[in-house]
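Structure first, commentary second.
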Amino acid sequence: MADHDEPISKDVEYLEDDVDLEDLEDLEDDEDDLDENDDDDEFDLSGVAPAGAFYSAPEGFRSGFASFVGRPNAGKSTLTNALVGQKIVITSSKPQTTRNVVRGIVHRDDAQLILVDTPGLHRPRTLLGERLNDLVRTTWAEVDVVAVCFPANEKIGPGDRFLVTELAKVRRTVRIAVATKTDLVTPEQLATHLMDIAALGEETSTEWAEIVPVSAVAGDQVGLLADLLVALMPEGPPLYPDGDLTDAPEEALAADLIREAALEGVRDELPHSIAVVVEEMGLREGRPDDKPLLDIVANLYVERDSQKGIMIGHKGSRLRAVGTAARTQIEALLGTPVYLDLQVKIAKDWQRDPRQLRKLGF
Ligand SMILES: Nc1nc2c(ncn2[C@@H]2O[C@H](COP(=O)(O)OP(=O)(O)OP(=O)(O)O)[C@@H](O)[C@H]2O)c(=O)[nH]1
């Protein structure tokens with residue numbers, strides 16, 4: 001009988017704690033060394049312009065940060081992609097697949113809008129859940145505008161109320177409401193939805209600076225939403241070079257795309273058990289300039305042996321399909337042919353283990 005694991009990975013590996021105190025102390029020593037060098041001309045920065053001064057801006061230029069929030073599946077990632085005009089944030093029909101804060105950048109003649117895509121806020125059940133909620137609140141306090149997404153095809157419910165109430169605790173940040181997926185409802189249903197959003201605002205003492213209906217899929221009102229967001233940004237120079245679409249490291253984008261591919265067709269608890277870490281990424285040496293090849297070595301972590309079997313599939317068929325789908329997406333994003341070495345590993349109960357969470361980047 002064939003061993004299903006055979007072509008992919010023979011051994012079951014557990015994560016090791018590879019950050020130890022000694023490493024941290026070494027780092028502190030290095031910082032001391034730098035301090036001692038303060039007088040050295042070697043660190044002369046006089047020729048370097050201050051941050052923001054690299055990019056000149058016309059009068060009245062605006063720049064700032066906006067974050068889309070909302071219940072899982074509300075359409076936040078799809079909207080970010082529609083605004084930026086290129087696929088940079090993973091979208092999936094499974095809830096809560098967006099873990100990283102990935103920014104999309106909208107470049108316009110009059111403004112630069114930096115979109116921060118956060119995970120959904122939810123009642124925490126695990127340590128991971130708590131950390132994610134902290135991350136969300138920190139993001140809310142730092143951005144210029146928080147845009148709460150309410151899918152038009154779903155009734156406003158306790159989850160939305162919880163989120164808007166939590167958001168009300170963050171002072172200063174401007175709030176707007178976005179009614180998403182308007183292509184899925186009739187004008188009458190949309191009108192009711194918009195009134196429900198207004199009522200929720202009153203109930204939670206939230207002042208919506210705008211209430212905007214959009215459909216990212218139909219491309220309806222996406223431009224208007226961009227205009228409204230820009231109008232709410234402070235005046236200031238562009239913060240990123242022209243042409244940058246995201247400042248997330250390419251490793252994180254690749255890891256997201258692998259996770260997205262792995263999530264296709266799996267159910268129940270498994271989506272929450274998957275984490276992807278890109279271990280290595282680099283252009284293969286010795287290739288002709290016109291035929292580059294990007295090598296990516298990635299590990300897909302699950303929590304249990306049974307899940308590993310599901311991920312790998314019969315004779316490795318599922319993992320191969322995931323690898324091919326992910327590779328195609330990464331190639332499209334980065335514009336370089338990719339060789340993807342993908343292995344499935346077990347990190348036992350990683351969602352509940354602080355050491356493992358750190359190792360996996362949370
Ligand atoms: N019909 C329609 N579907 C949409 C629209 N926007 C998003 N969707 C679909 O809704 C689902 C969820 O969209 P996402 O953008 O991944 O939602 P999200 O809010 O980022 O989800 P999480 O990351 O799980 O919080 C996907 O299947 C999208 O294709 C829209 O404007 N119209």
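Numbering starts fresh at 1 for the residues of each chain in the structure tokens, the chains themselves are lettered A, B, ... in the order given, and ligands are numbered from 1 as they appear.
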Which of region 89-241 of chain A end up as strand (DSSP E) when DSSP is run on this backbone - answer as a PyMOL selection string? chain A and resi 102-107+111-117+145-151+174-180+208-213
Please write the residues from the selection above to a file, keeping N, CA and C atoms, as a short mmCIF file (atom, residue, chain, number, x, y, z; two decimals), in the first residue's frame.
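Produced file out-v2.cif, reproduced below:
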```
data_model
loop_
_atom_site.label_atom_id
_atom_site.label_comp_id
_atom_site.auth_asym_id
_atom_site.auth_seq_id
_atom_site.Cartn_x
_atom_site.Cartn_y
_atom_site.Cartn_z
N VAL A 102 -1.92 43.78 5.95
CA VAL A 102 -1.32 44.03 4.64
C VAL A 102 -1.86 45.35 4.13
N ARG A 103 -1.00 46.19 3.66
CA ARG A 103 -1.46 47.49 3.17
C ARG A 103 -1.52 47.50 1.66
N GLY A 104 -2.58 48.07 1.17
CA GLY A 104 -2.65 48.37 -0.26
C GLY A 104 -2.51 49.87 -0.39
N ILE A 105 -1.89 50.34 -1.45
CA ILE A 105 -1.68 51.77 -1.61
C ILE A 105 -2.35 52.27 -2.88
N VAL A 106 -3.24 53.24 -2.70
CA VAL A 106 -3.91 53.84 -3.86
C VAL A 106 -3.15 55.11 -4.21
N HIS A 107 -2.58 55.14 -5.43
CA HIS A 107 -1.84 56.33 -5.87
C HIS A 107 -2.74 57.18 -6.76
N ALA A 111 -3.65 62.50 -4.20
CA ALA A 111 -3.62 61.87 -2.87
C ALA A 111 -2.96 60.50 -2.91
N GLN A 112 -2.57 60.07 -1.72
CA GLN A 112 -2.12 58.69 -1.55
C GLN A 112 -2.87 58.11 -0.36
N LEU A 113 -3.54 57.00 -0.64
CA LEU A 113 -4.39 56.38 0.37
C LEU A 113 -3.80 55.03 0.72
N ILE A 114 -3.46 54.84 1.98
CA ILE A 114 -2.83 53.58 2.38
C ILE A 114 -3.87 52.76 3.14
N LEU A 115 -4.18 51.60 2.58
CA LEU A 115 -5.25 50.77 3.14
C LEU A 115 -4.65 49.68 4.00
N VAL A 116 -5.13 49.60 5.22
CA VAL A 116 -4.63 48.62 6.16
C VAL A 116 -5.72 47.59 6.36
N ASP A 117 -5.42 46.36 6.03
CA ASP A 117 -6.43 45.31 6.10
C ASP A 117 -6.20 44.49 7.36
N VAL A 145 -8.87 56.93 9.20
CA VAL A 145 -10.29 56.59 9.02
C VAL A 145 -10.49 55.09 9.20
N VAL A 146 -11.52 54.72 9.94
CA VAL A 146 -11.93 53.32 9.99
C VAL A 146 -13.24 53.21 9.21
N ALA A 147 -13.25 52.32 8.24
CA ALA A 147 -14.45 52.12 7.43
C ALA A 147 -15.08 50.79 7.82
N VAL A 148 -16.27 50.84 8.40
CA VAL A 148 -16.93 49.61 8.85
C VAL A 148 -17.78 49.07 7.70
N CYS A 149 -17.52 47.81 7.33
CA CYS A 149 -18.24 47.20 6.21
C CYS A 149 -19.42 46.39 6.71
N PHE A 150 -20.59 46.66 6.15
CA PHE A 150 -21.80 45.90 6.48
C PHE A 150 -22.33 45.28 5.18
N PRO A 151 -22.18 43.98 4.99
CA PRO A 151 -22.66 43.38 3.75
C PRO A 151 -24.17 43.57 3.59
N VAL A 174 -11.82 58.90 12.66
CA VAL A 174 -13.05 59.15 11.92
C VAL A 174 -13.64 57.82 11.46
N ARG A 175 -14.97 57.67 11.55
CA ARG A 175 -15.62 56.42 11.15
C ARG A 175 -16.51 56.65 9.95
N ILE A 176 -16.45 55.76 8.98
CA ILE A 176 -17.47 55.78 7.94
C ILE A 176 -18.08 54.37 7.85
N ALA A 177 -19.30 54.31 7.32
CA ALA A 177 -19.94 53.01 7.14
C ALA A 177 -19.99 52.70 5.64
N VAL A 178 -19.66 51.45 5.29
CA VAL A 178 -19.73 51.04 3.89
C VAL A 178 -20.70 49.87 3.79
N ALA A 179 -21.74 50.04 2.97
CA ALA A 179 -22.66 48.93 2.70
C ALA A 179 -22.08 48.18 1.50
N THR A 180 -21.53 46.98 1.77
CA THR A 180 -20.84 46.23 0.69
C THR A 180 -21.80 45.28 -0.02
N TRP A 208 -21.27 58.58 11.98
CA TRP A 208 -20.73 58.18 10.68
C TRP A 208 -20.43 59.43 9.87
N ALA A 209 -19.18 59.61 9.46
CA ALA A 209 -18.85 60.75 8.60
C ALA A 209 -19.49 60.57 7.22
N GLU A 210 -19.66 59.32 6.81
CA GLU A 210 -20.33 59.00 5.54
C GLU A 210 -20.97 57.63 5.68
N ILE A 211 -22.04 57.40 4.91
CA ILE A 211 -22.56 56.03 4.75
C ILE A 211 -22.58 55.78 3.23
N VAL A 212 -21.75 54.84 2.77
CA VAL A 212 -21.56 54.67 1.32
C VAL A 212 -21.91 53.26 0.86
N PRO A 213 -22.85 53.10 -0.07
CA PRO A 213 -23.09 51.77 -0.64
C PRO A 213 -22.12 51.48 -1.79
#
```
Filtered DSSP result for region 68-305 of chain A, state alpha helix (DSSP H), as a VMD selection string: chain A and resid 76 to 84 127 to 142 158 to 168 187 to 203 222 to 231 250 to 263 270 to 273 305
From the set A:Leu225, A:Val302, A:Ala82, A:Leu293, which residue has the shortest atom-to-atom contact distance to ligand 1, counting only C-alpha atoms and all ligand atoms?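 Going through A:Leu225, A:Val302, A:Ala82, A:Leu293 one by one, the smallest distance to ligand 1 is for A:Ala82.
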Excluding Asn153 (chain A) and its own-chain neighbours fewer than 3 positions away, which residues fall within 10 Å of it when counting only C-alpha atoms? Please give them as an mmCIF file with C-alpha atoms, in the first residue's frame.
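Ended up saving to selection_20.cif:
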```cif
data_model
loop_
_atom_site.group_PDB
_atom_site.id
_atom_site.type_symbol
_atom_site.label_atom_id
_atom_site.label_comp_id
_atom_site.auth_asym_id
_atom_site.auth_seq_id
_atom_site.Cartn_x
_atom_site.Cartn_y
_atom_site.Cartn_z
ATOM 1 C CA ALA A 74 -17.951 41.272 4.808
ATOM 2 C CA PHE A 150 -21.801 45.899 6.479
ATOM 3 C CA ILE A 156 -27.082 43.768 10.916
ATOM 4 C CA ALA A 179 -22.658 48.929 2.700
ATOM 5 C CA THR A 180 -20.843 46.235 0.692
ATOM 6 C CA LYS A 181 -22.054 43.704 -1.923
ATOM 7 C CA THR A 182 -24.887 45.944 -3.107
ATOM 8 C CA ASP A 183 -25.099 43.896 -6.312
ATOM 9 C CA LEU A 184 -26.728 41.121 -4.275
ATOM 10 C CA VAL A 185 -29.805 43.098 -3.147
ATOM 11 C CA THR A 186 -32.718 45.114 -4.553
ATOM 12 C CA GLN A 189 -33.466 46.077 0.519
ATOM 13 C CA LEU A 190 -30.504 48.440 0.200
ATOM 14 C CA HIS A 193 -29.970 48.307 5.100
#
```
Between CA of Leu294 (chain A) and CA of Gly282 (chain A), what distance in Å does the model show, to one decimal? 5.6 Å
At what distance in Å, to one decimal, does CA of Val277 (chain A) lie from CA of Lys345 (chain A)? 10.6 Å
Check the smallest atom-to-atom distance from each of A:Glu154, A:Asp305, A:Glu250, A:Asp290 to ligand 1 using only C-alpha atoms and all ligand atoms, then report the winner.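 The closest residue to ligand 1 is A:Glu154.
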With distances taken over only C-alpha atoms, which of A:Arg259, A:Lys155, A:Arg318, A:Arg172 is nearest to Val278 (chain A)? A:Arg259
Which is closest to ligand 1 among A:Leu229, A:Ile312, A:Leu79, A:Ala199, if we use only C-alpha atoms and all ligand atoms?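 Of all the options, A:Leu79 lies closest to ligand 1.
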From the set A:Thr138, A:Gln307, A:Thr206, A:Leu127, which residue has the shortest atom-to-atom contact distance to Lys348 (chain A), counting only C-alpha atoms? A:Gln307
